[in-house]
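A.B. asks: Contents are mmCIF, C-alpha atoms and all ligand atoms; file name work07.cif:
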data_work
loop_
_atom_site.label_atom_id
_atom_site.label_comp_id
_atom_site.auth_asym_id
_atom_site.auth_seq_id
_atom_site.Cartn_x
_atom_site.Cartn_y
_atom_site.Cartn_z
CA MET A 371 117.33 257.46 52.86
CA PHE A 372 116.26 254.73 55.24
CA ARG A 373 118.77 252.10 56.26
CA LEU A 374 117.20 248.76 57.18
CA ALA A 375 119.39 245.96 58.52
CA HIS A 376 118.41 242.29 58.48
CA LEU A 377 119.86 239.52 60.60
CA SER A 378 118.55 236.12 61.56
CA ASP A 379 118.97 232.82 63.33
CA PRO A 380 121.48 233.74 66.04
CA HIS A 381 120.57 230.49 67.89
CA LEU A 382 122.00 232.17 70.94
CA GLY A 383 124.47 230.24 72.99
CA PRO A 384 125.81 229.02 75.20
CA LEU A 385 122.83 226.99 76.22
CA PRO A 386 121.92 227.96 79.76
CA GLU A 387 121.99 225.57 82.65
CA ILE A 388 119.52 222.84 81.79
CA ARG A 389 116.63 222.13 84.03
CA TRP A 390 116.32 218.45 83.51
CA ARG A 391 112.58 218.26 83.88
CA GLU A 392 112.37 220.51 80.81
CA LEU A 393 114.38 218.04 78.79
CA VAL A 394 111.40 215.99 77.75
CA SER A 395 110.35 214.48 74.47
CA LYS A 396 111.61 216.49 71.53
CA ARG A 397 113.98 218.55 73.59
CA VAL A 398 116.22 215.59 74.25
CA LEU A 399 116.81 215.32 70.54
CA GLY A 400 117.35 219.05 70.21
CA TYR A 401 119.81 219.14 73.06
CA ILE A 402 121.93 216.34 71.63
CA ASN A 403 121.70 217.85 68.17
CA TRP A 404 122.74 221.29 69.41
CA HIS A 405 125.76 219.96 71.21
CA ARG A 406 126.93 217.81 68.35
CA ASN A 407 126.40 220.15 65.43
CA ARG A 408 125.53 223.62 66.45
CA GLY A 409 127.38 224.28 69.66
CA ALA A 410 130.80 224.01 68.11
CA THR A 411 130.25 226.58 65.39
CA MET A 412 128.10 229.10 67.15
CA LYS A 413 130.15 231.50 69.11
CA VAL A 414 129.06 234.42 71.17
CA GLN A 415 132.15 236.30 69.97
CA ILE A 416 131.02 235.90 66.38
CA ILE A 417 127.72 237.59 67.15
CA ALA A 418 129.37 240.30 69.20
CA GLY A 419 131.73 241.19 66.34
CA LEU A 420 128.89 241.21 63.86
CA MET A 421 126.80 243.45 66.09
CA GLN A 422 129.68 245.91 66.45
CA ASP A 423 130.00 246.07 62.68
CA LEU A 424 126.25 246.52 62.36
CA ALA A 425 126.17 249.34 64.89
CA ALA A 426 129.04 251.09 63.07
CA ASN A 427 126.87 251.13 59.94
CA GLY A 428 124.16 253.04 61.78
CA PRO A 429 120.94 251.35 60.66
CA ASP A 430 117.64 253.17 61.20
CA HIS A 431 115.92 249.89 61.89
CA ILE A 432 116.90 246.25 62.43
CA ALA A 433 114.77 243.27 61.40
CA VAL A 434 115.38 239.93 63.11
CA THR A 435 113.69 236.94 61.46
CA GLY A 436 113.65 234.40 64.24
CA ASP A 437 115.41 231.41 65.75
CA LEU A 438 116.85 233.48 68.55
CA VAL A 439 117.12 230.40 70.73
CA ASN A 440 117.80 226.68 70.33
CA ILE A 441 115.22 224.59 72.11
CA ALA A 442 113.04 227.29 73.67
CA LEU A 443 113.78 226.59 77.30
CA ARG A 444 112.45 229.20 79.69
CA ALA A 445 116.04 229.96 80.66
CA GLU A 446 116.89 230.85 77.07
CA LEU A 447 114.26 233.59 76.84
CA GLY A 448 115.97 236.12 79.12
CA PRO A 449 119.33 236.03 77.33
CA ALA A 450 117.50 236.31 73.99
CA ARG A 451 115.62 239.33 75.29
CA GLY A 452 118.95 240.78 76.36
CA PHE A 453 120.25 240.25 72.82
CA LEU A 454 117.28 242.16 71.37
CA ASP A 455 117.75 244.95 73.91
CA SER A 456 121.41 245.18 72.89
CA LEU A 457 120.43 245.82 69.26
CA GLY A 458 118.41 248.94 70.00
CA LYS A 459 115.19 250.34 71.38
CA PRO A 460 112.12 248.19 70.72
CA GLU A 461 110.73 250.79 68.31
CA ASP A 462 113.91 250.43 66.22
CA VAL A 463 114.08 246.62 66.22
CA SER A 464 111.40 244.31 64.81
CA CYS A 465 111.42 240.59 65.44
CA VAL A 466 109.37 237.64 64.19
CA PRO A 467 109.66 234.15 65.70
CA GLY A 468 111.20 231.04 64.13
CA ASN A 469 110.57 227.35 64.60
CA HIS A 470 113.24 227.06 67.29
CA ASP A 471 111.47 229.79 69.27
CA ALA A 472 108.34 227.61 69.09
CA TYR A 473 110.17 224.35 69.70
CA VAL A 474 107.52 222.70 71.87
CA PRO A 475 103.84 223.47 72.54
CA GLY A 476 103.53 226.62 74.66
CA ALA A 477 107.01 227.90 73.78
CA LEU A 478 105.82 230.42 71.18
CA GLN A 479 103.51 232.10 73.68
CA ARG A 480 106.32 232.40 76.23
CA ALA A 481 108.70 233.77 73.60
CA THR A 482 106.27 236.38 72.28
CA ASP A 483 105.47 237.42 75.88
CA SER A 484 109.17 237.79 76.67
CA TRP A 485 110.05 239.65 73.47
CA ALA A 486 106.75 241.53 73.07
CA PRO A 487 108.08 245.11 72.79
CA PHE A 488 109.94 244.03 69.62
CA MET A 489 106.86 242.36 68.14
CA LEU A 490 104.07 244.85 68.74
CA GLY A 491 102.64 246.85 65.87
CA ASP A 492 102.26 250.63 66.19
CA GLY A 493 99.59 251.35 68.76
CA ASP A 494 99.00 247.65 69.53
CA GLY A 495 98.65 246.34 73.05
CA LEU A 496 99.42 242.93 74.49
CA PRO A 497 99.23 240.13 73.62
CA VAL A 498 101.36 240.07 70.46
CA ARG A 499 99.41 239.31 67.31
CA PHE A 500 100.74 238.50 63.85
CA PRO A 501 100.98 240.17 61.49
CA PHE A 502 102.13 243.34 63.20
CA VAL A 503 102.65 246.54 61.22
CA ARG A 504 105.16 249.29 61.95
CA ARG A 505 105.53 252.44 59.88
CA ARG A 506 108.96 254.07 59.93
CA GLY A 507 109.45 256.95 57.50
CA ASP A 508 108.82 255.67 53.96
CA VAL A 509 109.10 252.06 55.11
CA ALA A 510 106.42 249.75 56.52
CA ILE A 511 107.42 246.56 58.32
CA VAL A 512 104.87 243.74 58.23
CA GLY A 513 105.85 241.00 60.69
CA ALA A 514 104.34 237.62 59.87
CA SER A 515 104.79 234.46 61.89
CA SER A 516 105.43 231.05 60.37
CA ALA A 517 106.48 229.57 63.72
CA HIS A 518 104.68 226.60 65.18
CA ALA A 519 105.63 223.67 67.35
CA SER A 520 106.31 220.64 65.18
CA ALA A 521 106.86 216.95 65.78
CA PRO A 522 110.37 215.60 66.46
CA PHE A 523 112.65 215.75 63.39
CA LEU A 524 110.40 218.35 61.74
CA ALA A 525 111.21 222.05 61.41
CA THR A 526 108.26 223.12 59.31
CA GLY A 527 106.48 226.43 59.46
CA SER A 528 103.04 227.48 58.35
CA PHE A 529 101.24 230.39 56.74
CA SER A 530 97.52 230.02 57.35
CA ASP A 531 94.50 231.34 55.48
CA LYS A 532 93.76 233.56 58.43
CA GLN A 533 97.20 235.13 58.45
CA ARG A 534 97.15 235.47 54.66
CA ASP A 535 93.92 237.47 54.87
CA ALA A 536 95.34 239.79 57.52
CA VAL A 537 98.71 240.27 55.78
CA ALA A 538 97.03 240.84 52.40
CA GLN A 539 94.74 243.49 53.86
CA GLN A 540 97.71 245.33 55.34
CA LEU A 541 99.74 245.13 52.14
CA VAL A 542 96.88 246.63 50.12
CA GLU A 543 96.47 249.46 52.62
CA LEU A 544 100.22 250.16 52.78
CA ARG A 545 100.42 250.22 49.00
CA ARG A 546 97.69 252.86 49.05
CA GLU A 547 99.81 254.86 51.46
CA GLY A 548 102.74 254.62 49.05
CA LEU A 549 105.12 252.99 51.50
CA PHE A 550 108.00 250.58 50.84
CA ARG A 551 106.51 247.35 52.15
CA VAL A 552 108.83 244.85 53.84
CA VAL A 553 107.42 241.48 54.91
CA LEU A 554 109.28 239.51 57.58
CA ILE A 555 108.77 235.75 57.84
CA HIS A 556 111.12 233.13 59.29
CA HIS A 557 110.64 230.35 56.72
CA PRO A 558 111.50 231.06 53.07
CA PRO A 559 108.27 231.31 51.04
CA ILE A 560 110.03 229.70 48.10
CA ARG A 561 109.34 226.27 46.70
CA GLY A 562 112.29 223.93 47.15
CA ALA A 563 114.27 226.42 49.27
CA THR A 564 114.57 223.92 52.11
CA GLU A 565 114.42 220.21 52.63
CA TRP A 566 110.89 218.86 52.83
CA HIS A 567 110.92 218.49 56.61
CA LYS A 568 111.88 222.15 57.03
CA ARG A 569 109.48 223.68 54.51
CA LEU A 570 106.86 226.37 54.85
CA ILE A 571 103.42 224.83 54.75
CA GLY A 572 101.31 227.41 52.95
CA GLY A 573 104.20 228.71 50.85
CA ARG A 574 102.03 228.60 47.76
CA ARG A 575 99.41 230.63 49.62
CA PHE A 576 102.06 233.22 50.51
CA ARG A 577 103.25 233.48 46.89
CA ALA A 578 99.69 233.76 45.59
CA MET A 579 99.11 236.60 48.04
CA ILE A 580 102.22 238.46 46.88
CA ALA A 581 101.21 237.91 43.25
CA GLU A 582 98.02 239.80 44.07
CA THR A 583 99.05 242.45 46.59
CA GLY A 584 102.74 242.87 45.83
CA ALA A 585 105.37 243.95 48.36
CA GLU A 586 108.70 245.65 47.85
CA LEU A 587 110.81 243.17 49.83
CA VAL A 588 110.45 239.85 51.67
CA LEU A 589 113.07 238.95 54.29
CA HIS A 590 113.50 235.51 55.79
CA GLY A 591 115.92 233.34 57.75
CA HIS A 592 115.78 229.61 58.56
CA THR A 593 118.12 228.33 55.83
CA HIS A 594 121.24 230.11 57.17
CA LEU A 595 122.06 230.88 53.53
CA ALA A 596 122.62 234.14 51.65
CA THR A 597 119.98 233.69 48.98
CA LYS A 598 118.72 236.28 46.53
CA LEU A 599 115.54 235.17 44.82
CA ALA A 600 112.39 236.84 43.59
CA ILE A 601 108.74 235.95 43.20
CA PRO A 602 106.22 237.64 40.94
CA GLY A 603 104.18 240.56 42.20
CA PRO A 604 101.22 242.02 40.31
CA HIS A 605 103.42 244.22 38.09
CA GLY A 606 107.02 243.10 38.62
CA LEU A 607 109.37 241.09 40.74
CA VAL A 608 109.44 241.05 44.53
CA PRO A 609 112.87 240.18 45.97
CA VAL A 610 112.97 237.44 48.62
CA ILE A 611 116.23 237.62 50.52
CA GLY A 612 117.73 235.14 52.97
CA VAL A 613 120.67 235.83 55.27
CA PRO A 614 123.28 233.57 56.94
CA SER A 615 122.94 232.80 60.63
CA ALA A 616 124.23 235.66 62.78
CA SER A 617 126.40 233.26 64.78
CA HIS A 618 128.07 230.82 62.39
CA GLY A 619 131.83 230.75 62.57
CA PRO A 620 133.94 230.62 59.40
CA GLY A 621 134.89 227.20 58.10
CA GLY A 622 131.60 225.44 58.70
CA GLU A 623 129.23 223.80 56.27
CA LYS A 624 127.04 226.91 56.06
CA PRO A 625 128.38 230.37 55.23
CA PRO A 626 129.91 232.38 58.07
CA ALA A 627 127.82 234.93 59.96
CA GLY A 628 126.55 237.95 58.11
CA TYR A 629 123.81 240.51 57.87
CA ASN A 630 122.24 242.58 55.11
CA LEU A 631 121.70 246.31 54.75
CA PHE A 632 119.04 247.85 52.54
CA GLU A 633 119.44 251.56 51.86
CA ILE A 634 116.00 252.56 50.67
CA GLU A 635 115.34 255.80 48.85
CA ARG A 636 112.22 257.06 47.14
CA ALA A 637 112.86 257.84 43.45
CA GLY A 638 109.95 259.33 41.55
CA ASP A 639 107.11 256.85 41.72
CA GLY A 640 109.56 254.04 42.46
CA TRP A 641 112.50 253.24 44.69
CA ASN A 642 116.24 252.94 44.61
CA VAL A 643 117.73 250.41 46.99
CA ALA A 644 121.37 249.71 47.67
CA PHE A 645 121.52 246.11 48.88
CA VAL A 646 124.71 245.49 50.85
CA GLU A 647 125.83 242.17 52.31
CA ARG A 648 128.31 242.27 55.17
CA GLY A 649 129.80 239.48 57.23
CA TYR A 650 132.82 237.36 57.97
CA ASN A 651 134.97 236.21 55.08
CA ARG A 652 136.86 232.91 55.09
CA GLY A 653 139.74 234.49 56.95
CA GLY A 654 137.41 235.52 59.75
CA THR A 655 137.52 239.24 58.95
CA LEU A 656 134.38 241.36 58.73
CA ALA A 657 133.92 242.81 55.27
CA GLU A 658 131.43 243.74 52.61
CA THR A 659 130.62 240.47 50.84
CA GLY A 660 128.22 241.72 48.19
CA ARG A 661 126.52 244.82 46.79
CA GLN A 662 123.76 245.42 44.27
CA ALA A 663 121.85 248.50 43.16
CA TRP A 664 118.15 247.82 42.81
CA ASP A 665 115.93 249.99 40.69
CA TYR A 666 112.18 249.74 41.17
CA ASP A 667 110.16 251.48 38.50
CA GLY A 668 107.21 252.10 40.82
CA ARG A 669 105.75 248.69 40.20
CA GLY A 670 108.43 246.14 40.95
CA LEU A 671 112.08 245.36 40.76
CA LYS A 672 113.58 245.15 37.31
CA PRO A 673 114.60 241.57 36.48
CA GLY A 674 118.21 240.45 36.36
CA LEU A 675 119.50 241.33 39.81
CA VAL A 676 117.80 238.51 41.60
CA THR A 677 116.95 235.06 40.29
CA THR A 678 113.31 234.35 39.69
CA ALA A 679 112.24 231.43 41.85
CA ARG A 680 110.88 228.27 40.29
CA ARG A 681 107.07 228.32 40.54
FE FE A 701 114.50 227.93 61.56
#
Before anything else, please render the file you have as structure tokens.
C.D. replies:
Amino acid sequence: MFRLAHLSDPHLGPLPEIRWRELVSKRVLGYINWHRNRGATMKVQIIAGLMQDLAANGPDHIAVTGDLVNIALRAELGPARGFLDSLGKPEDVSCVPGNHDAYVPGALQRATDSWAPFMLGDGDGLPVRFPFVRRRGDVAIVGASSAHASAPFLATGSFSDKQRDAVAQQLVELRREGLFRVVLIHHPPIRGATEWHKRLIGGRRFRAMIAETGAELVLHGHTHLATKLAIPGPHGLVPVIGVPSASHGPGGEKPPAGYNLFEIERAGDGWNVAFVERGYNRGGTLAETGRQAWDYDGRGLKPGLVTTARR
């Protein structure tokens, strides 16, 4: 049995000492926004408690789907790297970037340089390239990047033709190897999952790829919501799972911090997966907040456990 944990969008705080010359253009908006809306609800203690709970559940691997930082200042990168280091060894933690990690032009490059050991595929050298592929037991992690710098007031992501070709090629190969394929991407590849200004450009391209190549699981962040949807693969459904922010306190607009665990076990020519949601409840106590048993018949997930997304 392989235990994969998924967390996302810690938006690590507190914001480090600002260097004012970095507060240009879009960052001014982000800084004000963070202080008004985000700063109040995002507590370091919340993350610390969640991480303790996560560690107690002994995952074999942890997937982090981006938005580690807020406005991608240079001074935010070190603390974010420290957060990744605190989760585990780089070979046991895989990370893909989010739009906040790519907040302004040049930021994505600095982030991937700083967090590289957590973003390199097996046997890959620097610089980081997406998608990366990591094989761990029966599980293959395919890390895609939807992160790009966007104009003020936009939080879009993109999935290009080029990345589609590379991801598709890997998914076909990994299927041949008989592995449980997990795709990581920050933005939800689901139509209507976000407001228009936060959407994934190329979402249709992503779904068309999955319809052809399949995958066993797609994990995303960005929405800060615990969503359980599915998109069609070539022979059955492919679950697409979103997770709350790892740092939201209880009592906010969005659900309190949580993470997901996937206990993956080969079963004949298919898979059995126990999908466990853990996080803070309304009272601020850490608890199991959901559990499902998924049965893959070797082709895809049987319908009924996750809601099929609108095409
Ligand atoms: Fe995001």
A.B. asks: Counting only C-alpha atoms and all ligand atoms, which residues of chain A sit at most 8 Å from some atom of ligand FE 701 (chain A), and what is each one's closest atom pair with its distance in Å to one decimal, listed by chain and rising residue number, as JSON lines?
C.D. replies:
{"residue": "A:Asp379", "atom": "CA", "partner": "A:FE701", "partner_atom": "FE", "distance": 6.9}
{"residue": "A:Gly436", "atom": "CA", "partner": "A:FE701", "partner_atom": "FE", "distance": 7.1}
{"residue": "A:Asp437", "atom": "CA", "partner": "A:FE701", "partner_atom": "FE", "distance": 5.5}
{"residue": "A:Gly468", "atom": "CA", "partner": "A:FE701", "partner_atom": "FE", "distance": 5.2}
{"residue": "A:Asn469", "atom": "CA", "partner": "A:FE701", "partner_atom": "FE", "distance": 5.0}
{"residue": "A:His470", "atom": "CA", "partner": "A:FE701", "partner_atom": "FE", "distance": 5.9}
{"residue": "A:Ala525", "atom": "CA", "partner": "A:FE701", "partner_atom": "FE", "distance": 6.7}
{"residue": "A:His556", "atom": "CA", "partner": "A:FE701", "partner_atom": "FE", "distance": 6.6}
{"residue": "A:His557", "atom": "CA", "partner": "A:FE701", "partner_atom": "FE", "distance": 6.6}
{"residue": "A:Lys568", "atom": "CA", "partner": "A:FE701", "partner_atom": "FE", "distance": 7.8}
{"residue": "A:Gly591", "atom": "CA", "partner": "A:FE701", "partner_atom": "FE", "distance": 6.8}
{"residue": "A:His592", "atom": "CA", "partner": "A:FE701", "partner_atom": "FE", "distance": 3.7}
{"residue": "A:Thr593", "atom": "CA", "partner": "A:FE701", "partner_atom": "FE", "distance": 6.8}
A.B. asks: May I ask which of the residues A:Ala425, A:Leu478, A:Val537, A:Leu377 is the closest one to Ser464 (chain A), counting all atoms listed in the file?
C.D. replies: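 Checking each of A:Ala425, A:Leu478, A:Val537, A:Leu377 against Ser464 (chain A), counting all atoms listed in the file, the winner is A:Leu377.
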A.B. asks: May I ask for the distance between CA of Thr435 (chain A) and CA of Asp667 (chain A), given in Å to one decimal place?
C.D. replies: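 Computing it gives 27.4 Å between the two atoms.
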A.B. asks: By how many Å are CA of Arg551 (chain A) and CA of Asn630 (chain A) apart?
C.D. replies: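 Taking CA of Arg551 (chain A) as the start and CA of Asn630 (chain A) as the end point, the length is 16.7 Å.
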A.B. asks: Any idea what's packed within 8 Å of Tyr666 (chain A), counting only C-alpha atoms, ignoring anything in its chain fewer than 4 positions away? Could you give it as a compact mmCIF listing (two decimals) with C-alpha atoms, in the frame of the given file?
C.D. replies:
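Below is the file around_0.txt, written as the result:
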# COMPACT_ATOMS: atom_id res chain seq x y z
CA GLY A 640 109.56 254.04 42.46
CA TRP A 641 112.50 253.24 44.69
CA ASN A 642 116.24 252.94 44.61
CA GLY A 670 108.43 246.14 40.95
CA LEU A 671 112.08 245.36 40.76
CA LYS A 672 113.58 245.15 37.31
A.B. asks: Which is closer to Pro609 (chain A) than all the others in A:Arg444, A:Arg636, A:Arg577, A:His594, using all atoms listed in the file?
C.D. replies: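 Of A:Arg444, A:Arg636, A:Arg577, A:His594, the one nearest Pro609 (chain A), counting all atoms listed in the file, is A:Arg577.
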A.B. asks: Rank nothing, just name the residue among A:Val646, A:Ile511, A:Met579, A:Val503 nearest to Asp531 (chain A), using only C-alpha atoms.
C.D. replies: A:Met579
A.B. asks: Excluding Ala477 (chain A) and residues on its chain fewer than 3 positions from it, collect all residues at most 12 Å away from it, counting only C-alpha atoms, and give them as a PDB file with C-alpha atoms, in the frame of the given file.
C.D. replies:
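Dumped to part.pdb:
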ATOM      1  CA  GLU A 392     112.370 220.510  80.810  1.00  0.00           C
ATOM      2  CA  ARG A 397     113.980 218.550  73.590  1.00  0.00           C
ATOM      3  CA  VAL A 439     117.120 230.400  70.730  1.00  0.00           C
ATOM      4  CA  ASN A 440     117.800 226.680  70.330  1.00  0.00           C
ATOM      5  CA  ILE A 441     115.220 224.590  72.110  1.00  0.00           C
ATOM      6  CA  ALA A 442     113.040 227.290  73.670  1.00  0.00           C
ATOM      7  CA  LEU A 443     113.780 226.590  77.300  1.00  0.00           C
ATOM      8  CA  ARG A 444     112.450 229.200  79.690  1.00  0.00           C
ATOM      9  CA  ALA A 445     116.040 229.960  80.660  1.00  0.00           C
ATOM     10  CA  GLU A 446     116.890 230.850  77.070  1.00  0.00           C
ATOM     11  CA  LEU A 447     114.260 233.590  76.840  1.00  0.00           C
ATOM     12  CA  PRO A 467     109.660 234.150  65.700  1.00  0.00           C
ATOM     13  CA  GLY A 468     111.200 231.040  64.130  1.00  0.00           C
ATOM     14  CA  ASN A 469     110.570 227.350  64.600  1.00  0.00           C
ATOM     15  CA  HIS A 470     113.240 227.060  67.290  1.00  0.00           C
ATOM     16  CA  ASP A 471     111.470 229.790  69.270  1.00  0.00           C
ATOM     17  CA  ALA A 472     108.340 227.610  69.090  1.00  0.00           C
ATOM     18  CA  TYR A 473     110.170 224.350  69.700  1.00  0.00           C
ATOM     19  CA  VAL A 474     107.520 222.700  71.870  1.00  0.00           C
ATOM     20  CA  ARG A 480     106.320 232.400  76.230  1.00  0.00           C
ATOM     21  CA  ALA A 481     108.700 233.770  73.600  1.00  0.00           C
ATOM     22  CA  THR A 482     106.270 236.380  72.280  1.00  0.00           C
ATOM     23  CA  ASP A 483     105.470 237.420  75.880  1.00  0.00           C
ATOM     24  CA  SER A 484     109.170 237.790  76.670  1.00  0.00           C
ATOM     25  CA  ALA A 517     106.480 229.570  63.720  1.00  0.00           C
ATOM     26  CA  HIS A 518     104.680 226.600  65.180  1.00  0.00           C
ATOM     27  CA  ALA A 519     105.630 223.670  67.350  1.00  0.00           C
ATOM     28  CA  SER A 520     106.310 220.640  65.180  1.00  0.00           C
TER      29      SER A 520
END
A.B. asks: Here is a test: counting all atoms listed in the file, which residue of A:Asp639, A:Arg561, A:Arg545, A:Gly572 is nearest to Gln533 (chain A)?
C.D. replies: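 Under the stated criterion, the closest residue is A:Gly572.
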A.B. asks: Please produce, as CSV, a per-residue contact table for region 437-488 of chain A versus region 371-376 of chain A (criterion: any atom at most 12 Å away, all atoms listed in the file considered), showing the nearest atom pair and its distance in Å to one decimal, sorted by chain then residue number.
C.D. replies:
residue,atom,partner,partner_atom,distance
A:Leu457,CA,A:Ala375,CA,10.8
A:Gly458,CA,A:Ala375,CA,11.9
A:Asp462,CA,A:Leu374,CA,9.8
A:Val463,CA,A:Ala375,CA,9.4
A:Ser464,CA,A:His376,CA,9.7
A:Cys465,CA,A:His376,CA,10.0
A:Val466,CA,A:His376,CA,11.7
A.B. asks: Env of Pro602 (chain A): 8 Å cut, atoms = only C-alpha atoms, seq-sep filter 4 positions within chain, self excluded. Answer as a ChimeraX atom specification.
C.D. replies: /A:577,580-581,584,606-608,678
A.B. asks: First collect every listed atom of region 448-465 of chain A; then fit an axis-aligned box around them, widen it by 3 Å on each side, and give centre and edge lengths in Å to one decimal, as JSON.
C.D. replies:
{"center_x": 116.1, "center_y": 243.4, "center_z": 72.0, "size_x": 16.7, "size_y": 20.8, "size_z": 20.3}
